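Enquirer: Got a file for you: coords-v6.cif, mmCIF, C-alpha atoms.
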```
data_final
loop_
_atom_site.label_atom_id
_atom_site.label_comp_id
_atom_site.auth_asym_id
_atom_site.auth_seq_id
_atom_site.Cartn_x
_atom_site.Cartn_y
_atom_site.Cartn_z
CA MET A 20 6.42 29.75 -23.75
CA PRO A 21 2.74 29.67 -22.60
CA ASN A 22 2.94 25.97 -21.62
CA ASP A 23 6.13 26.29 -19.59
CA PRO A 24 5.67 25.96 -15.82
CA PRO A 25 5.71 29.31 -14.00
CA PRO A 26 9.00 29.87 -12.16
CA THR A 27 7.54 31.87 -9.24
CA PRO A 28 4.24 32.16 -7.35
CA LEU A 29 3.80 35.69 -8.71
CA ALA A 30 3.83 34.26 -12.24
CA ALA A 31 1.61 31.32 -11.23
CA MET A 32 -1.03 33.64 -9.78
CA ARG A 33 -1.76 35.02 -13.27
CA ARG A 34 -2.70 31.61 -14.64
CA ARG A 35 -5.91 29.65 -14.35
CA GLY A 36 -6.07 26.78 -11.91
CA PHE A 37 -3.67 28.39 -9.47
CA LEU A 38 -5.58 27.07 -6.47
CA LEU A 39 -5.21 23.51 -7.76
CA THR A 40 -1.45 23.69 -8.08
CA SER A 41 1.25 23.17 -5.47
CA TRP A 42 2.14 26.85 -5.40
CA PRO A 43 -0.11 27.84 -2.46
CA TRP A 44 1.42 25.07 -0.36
CA ARG A 45 4.95 25.97 -1.46
CA ALA A 46 4.28 29.61 -0.54
CA ALA A 47 2.93 28.60 2.87
CA GLY A 48 5.97 26.38 3.49
CA TYR A 49 8.32 29.18 2.50
CA LEU A 50 6.64 31.65 4.86
CA LEU A 51 6.60 29.21 7.76
CA SER A 52 10.27 28.29 7.27
CA THR A 53 11.16 31.99 7.37
CA VAL A 54 10.33 32.16 11.09
CA PRO A 55 13.32 30.02 12.30
CA VAL A 56 15.61 31.93 9.90
CA VAL A 57 14.54 35.24 11.47
CA LEU A 58 15.05 33.80 14.94
CA ALA A 59 18.53 32.60 13.99
CA VAL A 60 19.38 36.05 12.67
CA SER A 61 17.92 37.95 15.62
CA LEU A 62 19.29 35.83 18.47
CA PRO A 63 23.03 36.78 18.24
CA PRO A 64 22.39 40.57 18.31
CA VAL A 65 20.06 40.13 21.28
CA LEU A 66 22.68 38.11 23.20
CA LEU A 67 25.34 40.69 22.40
CA ALA A 68 23.07 43.49 23.60
CA LEU A 69 22.25 41.95 26.99
CA PRO A 70 25.44 43.10 28.79
CA VAL A 71 24.94 46.70 27.73
CA LEU A 72 21.21 47.03 28.39
CA PRO A 73 21.73 48.91 31.69
CA ALA A 74 23.57 51.63 29.82
CA VAL A 75 20.53 52.44 27.69
CA ALA A 76 18.36 53.29 30.66
CA PRO A 77 16.48 56.59 30.50
CA ASP A 78 19.00 58.25 32.81
CA ALA A 79 22.00 57.18 30.69
CA ALA A 80 24.22 59.99 29.40
CA PHE A 81 24.32 60.97 25.74
CA GLY A 82 27.96 59.85 25.48
CA GLU A 83 27.07 56.37 26.69
CA ARG A 84 24.27 56.10 24.14
CA ALA A 85 26.52 57.30 21.32
CA PHE A 86 29.27 54.87 22.36
CA LEU A 87 26.82 51.96 22.39
CA ALA A 88 25.44 52.95 18.99
CA VAL A 89 28.93 53.01 17.48
CA LEU A 90 29.81 49.76 19.23
CA GLY A 91 26.67 48.13 17.86
CA VAL A 92 27.45 49.21 14.31
CA LEU A 93 31.02 47.91 14.62
CA LEU A 94 29.85 44.58 16.01
CA VAL A 95 27.28 44.12 13.25
CA ALA A 96 29.75 45.09 10.52
CA GLY A 97 32.60 43.06 12.01
CA LEU A 98 30.83 39.89 13.12
CA GLY A 99 27.65 40.04 11.05
CA PRO A 100 29.08 38.54 7.83
CA MET A 101 30.40 35.53 9.76
CA GLY A 102 26.83 34.55 10.52
CA THR A 103 25.06 35.76 7.41
CA ILE A 104 27.39 34.07 4.87
CA PRO A 105 26.37 30.50 5.86
CA LEU A 106 22.77 31.61 6.38
CA ALA A 107 22.75 33.07 2.86
CA GLY A 108 23.68 29.68 1.44
CA LEU A 109 20.77 28.15 3.33
CA GLU A 110 18.48 30.95 2.16
CA ARG A 111 19.43 30.36 -1.50
CA ARG A 112 18.54 26.68 -1.12
CA ARG A 113 15.29 27.56 0.66
CA LEU A 114 14.46 29.94 -2.17
CA ARG A 115 13.91 26.94 -4.44
CA LEU A 116 10.56 26.45 -2.73
CA VAL A 117 9.14 29.50 -4.50
CA ASP A 118 11.63 30.21 -7.30
CA LEU A 119 12.49 27.50 -9.81
CA ARG A 120 15.23 29.58 -11.44
CA SER A 121 18.84 28.90 -10.54
CA THR A 122 20.34 31.25 -7.98
CA GLY A 123 24.12 31.15 -7.78
CA SER A 124 26.34 32.55 -5.08
CA GLY A 125 28.21 35.71 -5.94
CA HIS A 126 31.20 34.84 -3.76
CA ARG A 127 34.58 34.50 -5.44
CA ARG A 128 37.13 31.81 -4.72
CA PRO A 129 39.86 33.15 -2.41
CA PRO A 130 43.25 33.60 -4.12
CA GLY A 131 44.97 31.35 -1.58
CA ARG A 132 44.39 28.95 1.26
CA GLY A 133 43.98 29.94 4.87
CA VAL A 134 41.80 32.20 6.97
CA LEU A 135 43.30 35.55 6.00
CA PRO A 136 42.79 35.24 2.20
CA TRP A 137 39.25 34.02 2.84
CA LEU A 138 38.44 36.94 5.16
CA ARG A 139 40.05 39.47 2.83
CA THR A 140 38.02 38.18 -0.11
CA ARG A 141 34.71 37.96 1.72
CA TYR A 142 34.90 41.38 3.38
CA THR A 143 35.70 43.10 0.06
CA GLU A 144 32.80 41.56 -1.90
CA SER A 145 29.63 43.54 -2.38
CA VAL A 146 27.51 40.38 -2.16
CA THR A 147 28.66 39.89 1.46
CA TRP A 148 27.23 43.24 2.49
CA ARG A 149 24.08 42.70 0.43
CA GLU A 150 23.53 39.46 2.33
CA LEU A 151 24.00 41.25 5.63
CA GLY A 152 21.57 43.96 4.54
CA TYR A 153 19.02 41.35 3.46
CA PHE A 154 18.99 39.62 6.85
CA LEU A 155 18.86 42.90 8.75
CA LEU A 156 15.90 43.95 6.62
CA LEU A 157 14.31 40.52 7.09
CA ALA A 158 14.71 40.69 10.88
CA ALA A 159 13.26 44.22 11.00
CA THR A 160 10.25 43.77 8.71
CA THR A 161 9.21 40.14 9.13
CA PRO A 162 7.66 40.50 12.62
CA VAL A 163 5.51 43.42 11.46
CA LEU A 164 4.45 41.94 8.13
CA TYR A 165 3.85 38.46 9.48
CA ALA A 166 1.88 39.86 12.41
CA ALA A 167 -0.37 41.71 9.96
CA LEU A 168 -0.73 38.57 7.82
CA LEU A 169 -1.49 36.43 10.86
CA SER A 170 -4.06 38.98 12.08
CA ALA A 171 -5.83 38.90 8.71
CA LEU A 172 -5.93 35.10 8.73
CA ALA A 173 -7.09 35.01 12.36
CA PHE A 174 -9.87 37.50 11.55
CA GLN A 175 -11.05 35.37 8.65
CA VAL A 176 -11.00 32.15 10.69
CA GLY A 177 -12.76 33.90 13.57
CA ALA A 178 -15.43 35.29 11.24
CA VAL A 179 -16.14 31.83 9.78
CA ALA A 180 -16.34 30.22 13.23
CA ALA A 181 -18.25 33.07 14.92
CA PRO A 182 -21.83 31.76 14.34
CA LEU A 183 -20.91 28.34 15.73
CA ILE A 184 -19.18 29.84 18.75
CA LEU A 185 -22.14 32.11 19.51
CA LEU A 186 -24.56 29.20 19.13
CA GLY A 187 -22.66 27.40 21.85
CA GLY A 188 -23.25 30.20 24.25
CA GLY A 189 -20.03 32.09 23.89
CA GLY A 190 -19.94 35.77 23.25
CA PRO A 191 -19.97 38.46 22.54
CA MET A 192 -17.12 38.25 19.98
CA ALA A 193 -14.96 40.99 18.56
CA LEU A 194 -14.50 40.80 14.79
CA GLY A 195 -12.04 43.56 14.31
CA PRO A 196 -13.67 46.87 15.31
CA VAL A 197 -17.11 45.22 15.44
CA LYS A 198 -18.59 43.23 18.32
CA VAL A 199 -21.32 40.65 17.70
CA ALA A 200 -23.36 38.87 20.35
CA ALA A 201 -25.89 36.80 18.35
CA PRO A 202 -25.36 34.12 15.65
CA GLU A 203 -27.58 35.93 13.19
CA ALA A 204 -25.47 39.09 13.61
CA ALA A 205 -22.28 37.12 12.91
CA LEU A 206 -23.72 35.29 9.89
CA PRO A 207 -23.01 38.05 7.31
CA TYR A 208 -19.39 38.20 8.43
CA ALA A 209 -19.10 34.42 8.17
CA LEU A 210 -20.53 34.43 4.63
CA ALA A 211 -18.16 37.21 3.58
CA ALA A 212 -15.23 35.30 5.08
CA LEU A 213 -16.25 32.15 3.18
CA VAL A 214 -16.46 34.09 -0.06
CA LEU A 215 -13.00 35.54 0.56
CA LEU A 216 -11.54 32.18 1.60
CA PRO A 217 -10.07 31.45 -1.89
CA ALA A 218 -8.17 34.74 -1.63
CA VAL A 219 -6.03 33.35 1.22
CA PRO A 220 -3.74 31.31 -1.08
CA TYR A 221 -3.31 34.36 -3.29
CA LEU A 222 -2.36 36.45 -0.23
CA LEU A 223 0.20 33.82 0.84
CA ALA A 224 1.61 33.58 -2.68
CA LEU A 225 1.84 37.37 -2.99
CA THR A 226 3.71 37.67 0.33
CA ALA A 227 6.04 34.76 -0.44
CA GLY A 228 6.67 36.01 -3.98
CA ALA A 229 7.58 39.51 -2.81
CA GLN A 230 9.94 38.14 -0.17
CA ALA A 231 11.52 35.76 -2.71
CA ALA A 232 12.01 38.59 -5.20
CA LEU A 233 13.85 40.58 -2.53
CA ALA A 234 15.98 37.56 -1.63
CA ARG A 235 16.86 36.91 -5.26
CA ALA A 236 17.79 40.54 -5.85
CA LEU A 237 20.12 40.74 -2.83
CA LEU A 238 21.51 37.22 -2.44
CA GLN A 239 22.63 36.42 -5.95
CA ARG A 240 25.44 38.09 -7.83
CA GLY A 241 24.61 41.22 -9.78
CA SER A 242 24.89 41.56 -13.54
CA GLY A 243 28.27 43.29 -13.26
CA GLU A 244 29.56 40.57 -10.94
CA ARG A 245 28.26 37.86 -13.29
CA LEU A 246 30.01 39.52 -16.20
CA GLN A 247 33.23 39.83 -14.19
CA ALA A 248 33.03 36.18 -13.14
CA GLU A 249 32.42 35.12 -16.74
CA LEU A 250 35.38 37.17 -17.93
CA VAL A 251 37.60 35.63 -15.26
CA GLU A 252 36.46 32.18 -16.28
CA VAL A 253 37.09 32.99 -19.95
CA ALA A 254 40.60 34.16 -19.07
CA ARG A 255 41.25 31.01 -17.07
CA SER A 256 39.85 28.84 -19.83
CA ARG A 257 41.99 30.61 -22.39
CA ALA A 258 45.09 30.11 -20.23
CA ARG A 259 44.26 26.42 -19.89
CA LEU A 260 43.89 26.11 -23.65
CA VAL A 261 47.23 27.85 -24.21
CA ASP A 262 48.94 25.51 -21.75
CA ALA A 263 47.29 22.47 -23.33
CA PHE A 264 48.32 23.63 -26.81
CA GLU A 265 51.92 24.15 -25.71
CA ALA A 266 52.01 20.74 -24.03
CA GLU A 267 50.60 19.09 -27.16
CA ARG A 268 53.10 20.88 -29.37
CA ARG A 269 55.99 19.73 -27.20
CA ARG A 270 54.64 16.18 -27.29
CA ILE A 271 54.46 16.21 -31.09
CA GLU A 272 57.98 17.63 -31.28
CA ARG A 273 59.28 14.96 -28.91
CA ASP A 274 57.53 12.14 -30.79
CA LEU A 275 58.89 13.34 -34.13
CA HIS A 276 62.40 13.84 -32.75
CA ASP A 277 62.60 10.57 -30.83
CA GLY A 278 60.47 8.47 -33.19
CA ALA A 279 60.18 9.35 -36.86
CA GLN A 280 63.46 11.27 -37.03
CA GLN A 281 65.45 8.45 -35.46
CA ARG A 282 63.90 5.87 -37.78
CA LEU A 283 64.61 8.02 -40.80
CA LEU A 284 68.19 8.44 -39.64
CA SER A 285 68.54 4.68 -39.34
CA LEU A 286 67.05 4.23 -42.81
CA THR A 287 69.48 6.78 -44.26
CA MET A 288 72.44 4.97 -42.74
CA LYS A 289 71.26 1.60 -44.08
CA LEU A 290 70.83 3.04 -47.57
CA GLY A 291 74.34 4.48 -47.34
CA LEU A 292 75.77 1.09 -46.38
CA ALA A 293 73.81 -0.63 -49.15
CA ARG A 294 75.10 1.90 -51.65
CA VAL A 295 78.70 1.02 -50.70
CA ASP A 296 78.09 -2.72 -51.14
CA LEU A 297 76.57 -2.41 -54.64
CA PRO A 298 78.77 -2.34 -57.78
CA PRO A 299 79.24 1.26 -58.98
CA GLY A 300 77.29 2.11 -62.14
CA SER A 301 74.76 -0.71 -61.76
CA PRO A 302 71.04 0.03 -62.01
CA ALA A 303 70.57 -1.07 -58.40
CA ALA A 304 73.36 1.24 -57.23
CA ASP A 305 71.79 4.19 -59.04
CA SER A 306 68.38 3.46 -57.51
CA VAL A 307 69.82 3.13 -54.01
CA ALA A 308 71.81 6.34 -54.50
CA ASP A 309 68.64 8.22 -55.49
CA ALA A 310 66.80 6.78 -52.48
CA HIS A 311 69.72 7.70 -50.22
CA GLN A 312 69.69 11.28 -51.50
CA GLU A 313 65.92 11.63 -51.05
CA ALA A 314 66.17 10.18 -47.52
CA LYS A 315 68.82 12.77 -46.61
CA GLN A 316 66.67 15.54 -48.08
CA LEU A 317 63.66 14.26 -46.18
CA MET A 318 65.80 14.14 -43.04
CA THR A 319 66.66 17.81 -43.49
CA GLU A 320 63.00 18.74 -44.06
CA LEU A 321 61.88 16.76 -41.03
CA ARG A 322 64.54 18.44 -38.90
CA GLU A 323 63.25 21.83 -40.05
CA LEU A 324 59.69 20.75 -39.31
CA VAL A 325 60.59 19.59 -35.81
CA HIS A 326 62.47 22.82 -35.21
CA GLY A 327 59.46 24.83 -36.37
CA ILE A 328 57.07 23.00 -34.06
CA HIS A 329 59.12 23.74 -30.94
CA PRO A 330 62.83 24.54 -31.17
CA ARG A 331 64.96 22.56 -28.75
CA VAL A 332 67.14 25.57 -27.95
CA LEU A 333 64.09 27.45 -26.67
CA THR A 334 63.41 24.71 -24.12
CA ASP A 335 67.03 24.17 -23.14
CA ARG A 336 68.55 27.65 -23.17
CA GLY A 337 65.69 30.15 -23.20
CA LEU A 338 64.37 32.97 -25.35
CA ALA A 339 67.60 34.96 -25.80
CA ALA A 340 69.49 31.96 -27.23
CA ALA A 341 66.51 30.95 -29.39
CA LEU A 342 66.31 34.46 -30.88
CA GLY A 343 70.02 34.28 -31.73
CA GLU A 344 69.54 30.97 -33.52
CA LEU A 345 66.48 32.39 -35.29
CA ALA A 346 68.61 35.30 -36.53
CA ASP A 347 71.27 32.90 -37.85
CA ARG A 348 68.66 30.97 -39.84
CA SER A 349 66.91 34.05 -41.26
CA PRO A 350 67.61 35.09 -44.88
CA LEU A 351 68.00 38.65 -43.57
CA ALA A 352 70.97 40.05 -41.69
CA VAL A 353 69.45 40.19 -38.21
CA ALA A 354 71.01 41.86 -35.17
CA VAL A 355 69.65 40.62 -31.84
CA GLU A 356 69.75 42.49 -28.54
CA ALA A 357 68.21 40.55 -25.65
CA ASP A 358 68.46 41.83 -22.09
CA LEU A 359 66.45 39.46 -19.91
CA PRO A 360 67.33 38.94 -16.22
CA GLY A 361 65.38 35.67 -16.18
CA ARG A 362 63.13 33.38 -18.20
CA PRO A 363 59.46 34.13 -18.89
CA PRO A 364 56.86 31.41 -18.36
CA ARG A 365 56.81 28.75 -21.05
CA HIS A 366 53.68 29.92 -22.84
CA VAL A 367 54.94 33.53 -22.92
CA GLU A 368 58.37 32.43 -24.08
CA SER A 369 56.86 30.34 -26.87
CA THR A 370 54.53 33.15 -27.96
CA ALA A 371 57.42 35.63 -28.02
CA TYR A 372 59.61 33.30 -30.09
CA PHE A 373 57.01 32.47 -32.73
CA THR A 374 55.90 36.10 -32.93
CA VAL A 375 59.46 37.17 -33.77
CA ALA A 376 59.81 34.27 -36.20
CA GLU A 377 56.61 35.25 -38.02
CA ALA A 378 57.57 38.92 -38.08
CA LEU A 379 60.98 38.11 -39.63
CA THR A 380 59.33 35.81 -42.16
CA ASN A 381 56.90 38.58 -43.14
CA ALA A 382 59.79 41.03 -43.49
CA ALA A 383 61.73 38.63 -45.72
CA LYS A 384 58.72 37.83 -47.93
CA HIS A 385 56.90 41.14 -48.25
CA SER A 386 59.05 44.13 -47.34
CA GLY A 387 62.10 43.71 -49.60
CA ALA A 388 64.31 44.30 -46.57
CA ASP A 389 67.99 43.34 -46.35
CA ARG A 390 68.55 43.93 -42.64
CA ALA A 391 66.48 43.66 -39.49
CA GLY A 392 66.90 44.13 -35.78
CA VAL A 393 65.30 42.32 -32.84
CA ALA A 394 65.29 43.74 -29.31
CA ALA A 395 63.90 41.95 -26.25
CA ARG A 396 63.75 43.45 -22.77
CA TRP A 397 61.71 43.10 -19.60
CA ASP A 398 60.66 45.98 -17.38
CA GLY A 399 57.95 46.31 -14.78
CA GLY A 400 56.21 43.03 -15.53
CA ILE A 401 56.11 43.60 -19.32
CA LEU A 402 58.19 41.65 -21.84
CA THR A 403 58.72 43.97 -24.81
CA LEU A 404 59.84 42.78 -28.25
CA GLU A 405 60.69 45.13 -31.12
CA ILE A 406 61.32 43.95 -34.68
CA ILE A 407 62.59 46.59 -37.15
CA ASP A 408 63.41 46.09 -40.82
CA ASP A 409 64.71 48.43 -43.54
CA GLY A 410 62.10 47.43 -46.11
CA VAL A 411 59.70 49.54 -48.15
CA GLY A 412 57.07 49.73 -45.39
CA GLY A 413 53.37 50.02 -46.05
CA ALA A 414 52.46 46.92 -44.03
CA ASP A 415 48.67 46.61 -43.85
CA PRO A 416 46.83 43.86 -41.90
CA GLY A 417 44.03 43.99 -44.46
CA ARG A 418 46.35 42.87 -47.25
CA GLY A 419 47.23 39.54 -45.66
CA THR A 420 50.73 40.38 -44.47
CA GLY A 421 50.38 38.15 -41.41
CA LEU A 422 49.92 40.99 -38.93
CA THR A 423 46.41 39.85 -38.06
CA GLY A 424 47.71 36.41 -37.12
CA LEU A 425 50.42 38.02 -35.00
CA ALA A 426 47.85 40.16 -33.20
CA ASP A 427 45.65 37.11 -32.52
CA ARG A 428 48.59 35.11 -31.18
CA VAL A 429 49.60 37.94 -28.85
CA ALA A 430 46.03 38.64 -27.67
CA VAL A 431 45.64 35.06 -26.43
CA ILE A 432 47.90 35.84 -23.45
CA ASP A 433 46.57 39.40 -22.92
CA GLY A 434 49.36 41.05 -24.88
CA ARG A 435 49.15 43.77 -27.49
CA LEU A 436 50.73 44.39 -30.88
CA LEU A 437 51.70 47.86 -32.20
CA VAL A 438 52.79 48.40 -35.82
CA SER A 439 54.37 51.44 -37.45
CA SER A 440 54.98 51.00 -41.19
CA PRO A 441 54.92 54.23 -43.20
CA ALA A 442 55.38 54.09 -46.96
CA GLY A 443 59.09 53.88 -47.69
CA GLY A 444 59.82 52.22 -44.35
CA PRO A 445 61.06 51.33 -41.94
CA THR A 446 58.57 48.88 -40.43
CA ARG A 447 58.55 48.63 -36.65
CA VAL A 448 56.59 45.89 -34.88
CA ARG A 449 56.30 46.21 -31.07
CA VAL A 450 54.90 43.40 -28.94
CA GLU A 451 54.11 43.77 -25.23
CA LEU A 452 53.45 40.62 -23.19
CA PRO A 453 52.58 40.86 -19.47
CA CYS A 454 54.52 38.29 -17.44
CA ASP A 455 56.81 37.69 -14.49
CA LEU A 456 60.28 36.26 -14.95
CA ASN A 457 61.63 33.12 -13.34
CA ARG A 458 64.94 34.46 -12.13
CA PRO A 459 67.94 32.14 -11.78
CA PRO A 460 69.10 31.45 -8.21
CA SER A 461 71.78 33.89 -7.03
CA GLY A 462 75.25 32.90 -5.91
#
```
Is it possible to express this structure as structure tokens?
Expert:
Amino acid sequence: MPNDPPPTPLAAMRRRGFLLTSWPWRAAGYLLSTVPVVLAVSLPPVLLALPVLPAVAPDAAFGERAFLAVLGVLLVAGLGPMGTIPLAGLERRRLRLVDLRSTGSGHRRPPGRGVLPWLRTRYTESVTWRELGYFLLLAATTPVLYAALLSALAFQVGAVAAPLILLGGGGPMALGPVKVAAPEAALPYALAALVLLPAVPYLLALTAGAQAALARALLQRGSGERLQAELVEVARSRARLVDAFEAERRRIERDLHDGAQQRLLSLTMKLGLARVDLPPGSPAADSVADAHQEAKQLMTELRELVHGIHPRVLTDRGLAAALGELADRSPLAVAVEADLPGRPPRHVESTAYFTVAEALTNAAKHSGADRAGVAARWDGGILTLEIIDDGVGGADPGRGTGLTGLADRVAVIDGRLLVSSPAGGPTRVRVELPCDLNRPPSG
């Protein structure tokens, strides 16, 4: 938007009233604060080089020079990141003087605690080496560029002050390649310097803006790293949502089982006792009998509902036992083959169970099958489930057969769903879920 504040001095320079803003002062502060940063970067290499300075004398052998060059590269690559990583954090904060945009660190969180995971992570990140390259470039170019900038400013100040100095009897003065001895000879240079005086803030802003652009390009994470970090965060967020959903489902199942189901059971027993106490054939006995029958039916429906939310056998005995119970409750004749040397994580186990349950329900409703088979096995970090039925086939996700829902459920934990359902059958559903097993203790 035109009225939005400019985020950098380079953008502010293109607007009117630049000289009346804080940007020239911010640019000057940024350039001045660069000097101690360059000194902090340059001092350790200088101290490391002092013991080996005699070896670089003119009479030193070529082998000695080559050895020192290799040693220097190894020292910079090995020890350099230890100094530039904290300096890069300081540099990103200092960058706020001349860049109002957010600049985040590209460093990842180490996978574990301790020095070794931290070192392994830092030395394998591209941003670590970009930071090292930035400070090496800063240490190499800043003295030359700042010397040229300081010379230009000194020339301008000297040109403005030259007539006054020459009036006081000093002189002659050197203004660059020109020497002047009289005030009237220095006056044109002084007038030109006064005319160019408003250009000084622009020169400072241009230098600071270019340096800030370089810092932003090298010190923040690249687009690929940002995308990777966002994908990692999405995966972590999705895993947290899955865990929260499973915990909430178990809580609802527990509340229904321990609360509503127990109260309904108590009510059913009381109705049964009241039915015994009433005279047979009386209107009250008939009403209580009807209520008792409805309570028992509701008890059965609630038990099925609780079982559908999270079956108790899945929590207590694991996936293999839960698949066996699922086969017993299916209207199809289901053969189960489960070869699992351990238990998958809870969210994987739950996803596997409900995926098989939905696949068997789809087969019973849509395929006209009489028999089905379920196989579960784990190999190489992949839990594989196969559901086969002898129905008519032709399963199509676009016709609302539930396959789309299965695929979405599996994709939540980075799994994949494969379907083979030719016309005439059979239909084969294959689910692959990446996971590690929690193996039972041996012996």
Enquirer: Would you write out, as an MDAnalysis selection string, every residue that the PyMOL selection byres ((chain A and resi 393) around 9) captures in this file?
Expert: chainID A and resid 342 346 353:357 375 391:392 394:395 404:407
Enquirer: So how far away is CA of Glu150 in chain A from CA of Arg115 in chain A, in Å?
Expert: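 If I compute the distance from CA of Arg115 in chain A to CA of Glu150 in chain A, I get 17.2 Å.
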Enquirer: With a cut-off of 12 Å, could you pull out the residues of range 190-211 of chain A touching range 160-176 of chain A and give me the nearest pair of atoms for each, distance in Å to one decimal, using only C-alpha atoms, ordered by chain and ascending number, as a Markdown table?
Expert:
```
| residue | atom | partner | partner_atom | distance |
| --- | --- | --- | --- | --- |
| A:Met192 | CA | A:Phe174 | CA | 11.1 |
| A:Ala193 | CA | A:Phe174 | CA | 9.3 |
| A:Leu194 | CA | A:Phe174 | CA | 6.5 |
| A:Gly195 | CA | A:Phe174 | CA | 7.0 |
| A:Pro196 | CA | A:Phe174 | CA | 10.8 |
| A:Val197 | CA | A:Phe174 | CA | 11.3 |
| A:Tyr208 | CA | A:Gln175 | CA | 8.8 |
| A:Ala209 | CA | A:Gln175 | CA | 8.1 |
| A:Leu210 | CA | A:Gln175 | CA | 10.3 |
| A:Ala211 | CA | A:Gln175 | CA | 8.9 |
```
Enquirer: To verify the selection step, state as a list in words which residues the PyMOL selection byres ((chain A and resi 26-43) around 9) yields on this input.
Expert: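 Matching residues under the PyMOL selection byres ((chain A and resi 26-43) around 9) are Asp23, Pro24, Pro25, Trp44, Arg45, Ala46, Ala47, Gly48, Leu116, Val117, Asp118, Leu119, Arg120, Pro217, Val219, Pro220, Tyr221, Leu223, Ala224, Leu225, Ala227, Gly228, Ala229 and Ala231 of chain A.
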Enquirer: Those residues you just picked out, can you put them in a file as a compact mmCIF listing (two decimals), in the frame of the given file with C-alpha atoms?
Expert:
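Dumped to result_13.txt:
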```
# COMPACT_ATOMS: atom_id res chain seq x y z
CA ASP A 23 6.13 26.29 -19.59
CA PRO A 24 5.67 25.96 -15.82
CA PRO A 25 5.71 29.31 -14.00
CA TRP A 44 1.42 25.07 -0.36
CA ARG A 45 4.95 25.97 -1.46
CA ALA A 46 4.28 29.61 -0.54
CA ALA A 47 2.93 28.60 2.87
CA GLY A 48 5.97 26.38 3.49
CA LEU A 116 10.56 26.45 -2.73
CA VAL A 117 9.14 29.50 -4.50
CA ASP A 118 11.63 30.21 -7.30
CA LEU A 119 12.49 27.50 -9.81
CA ARG A 120 15.23 29.58 -11.44
CA PRO A 217 -10.07 31.45 -1.89
CA VAL A 219 -6.03 33.35 1.22
CA PRO A 220 -3.74 31.31 -1.08
CA TYR A 221 -3.31 34.36 -3.29
CA LEU A 223 0.20 33.82 0.84
CA ALA A 224 1.61 33.58 -2.68
CA LEU A 225 1.84 37.37 -2.99
CA ALA A 227 6.04 34.76 -0.44
CA GLY A 228 6.67 36.01 -3.98
CA ALA A 229 7.58 39.51 -2.81
CA ALA A 231 11.52 35.76 -2.71
```
Enquirer: Would you mind telling me which residue in A:Gln239, A:Ser61, A:Thr103, A:Thr403 lies nearest to His126 in chain A when using all atoms listed in the file?
Expert: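 With all atoms listed in the file as the atom set, the closest residue is A:Gln239.
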Enquirer: Restricting the calculation to all atoms listed in the file: of A:Val295, A:Leu436, A:Leu62, A:Ala178, which residue gets closest to Thr423 in chain A?
Expert: A:Leu436
Enquirer: In Å to one decimal, how far is CA of Asp409 in chain A from CA of Gly387 in chain A?
Expert: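 CA of Asp409 in chain A lies 8.1 Å from CA of Gly387 in chain A.
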Enquirer: Have a look at CA of Pro129 in chain A and CA of Gly102 in chain A and let me know their distance in Å, one decimal.
Expert: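 Here the two named atoms are 18.4 Å from each other.
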Enquirer: Quick one: which residues end up in the PyMOL selection byres ((chain A and resi 377-379) around 8) for this structure, as a PyMOL selection string?
Expert: chain A and resi 349+373-376+380-383+391+406+421-422+425+448
Enquirer: Which one of A:Gly152, A:Leu222, A:Tyr372, A:Thr147 sits closest to Gly343 in chain A if you count all atoms listed in the file?
Expert: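 Closest to Gly343 in chain A of all the choices is A:Tyr372.
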Enquirer: Which is closest to Gln316 in chain A among A:Ala180, A:Ala158, A:Leu283, A:Leu345, if we use only C-alpha atoms?
Expert: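 Among A:Ala180, A:Ala158, A:Leu283, A:Leu345, it is A:Leu283 that comes nearest to Gln316 in chain A.
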Enquirer: The residues within 12 Å of (74.4, 7.2, -44.8), using all atoms listed in the file and the coordinates of the file, should be reported as a ChimeraX atom specification; which are they?
Expert: /A:283-295,307-308,310-316,318
Enquirer: Would you mind exporting C-alpha atoms of the selected residues as a compact mmCIF listing (two decimals), keeping the file's coordinate frame?
Expert:
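Listed below is the output, again_3.txt:
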```txt
# COMPACT_ATOMS: atom_id res chain seq x y z
CA LEU A 283 64.61 8.02 -40.80
CA LEU A 284 68.19 8.44 -39.64
CA SER A 285 68.54 4.68 -39.34
CA LEU A 286 67.05 4.23 -42.81
CA THR A 287 69.48 6.78 -44.26
CA MET A 288 72.44 4.97 -42.74
CA LYS A 289 71.26 1.60 -44.08
CA LEU A 290 70.83 3.04 -47.57
CA GLY A 291 74.34 4.48 -47.34
CA LEU A 292 75.77 1.09 -46.38
CA ALA A 293 73.81 -0.63 -49.15
CA ARG A 294 75.10 1.90 -51.65
CA VAL A 295 78.70 1.02 -50.70
CA VAL A 307 69.82 3.13 -54.01
CA ALA A 308 71.81 6.34 -54.50
CA ALA A 310 66.80 6.78 -52.48
CA HIS A 311 69.72 7.70 -50.22
CA GLN A 312 69.69 11.28 -51.50
CA GLU A 313 65.92 11.63 -51.05
CA ALA A 314 66.17 10.18 -47.52
CA LYS A 315 68.82 12.77 -46.61
CA GLN A 316 66.67 15.54 -48.08
CA MET A 318 65.80 14.14 -43.04
```
Enquirer: Which residue, A:Leu338, A:Ala388, A:Ala181, A:Val146, has the smallest gap to Pro350 in chain A when you use all atoms listed in the file?
Expert: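 The answer is A:Ala388, which sits nearest to Pro350 in chain A.
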Enquirer: Kindly indicate which residue among A:Lys384, A:Val199, A:Thr122, A:Val431 lies nearest to Ala232 in chain A, using only C-alpha atoms for the distances.
Expert: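 Checking each of A:Lys384, A:Val199, A:Thr122, A:Val431 against Ala232 in chain A, counting only C-alpha atoms, the winner is A:Thr122.
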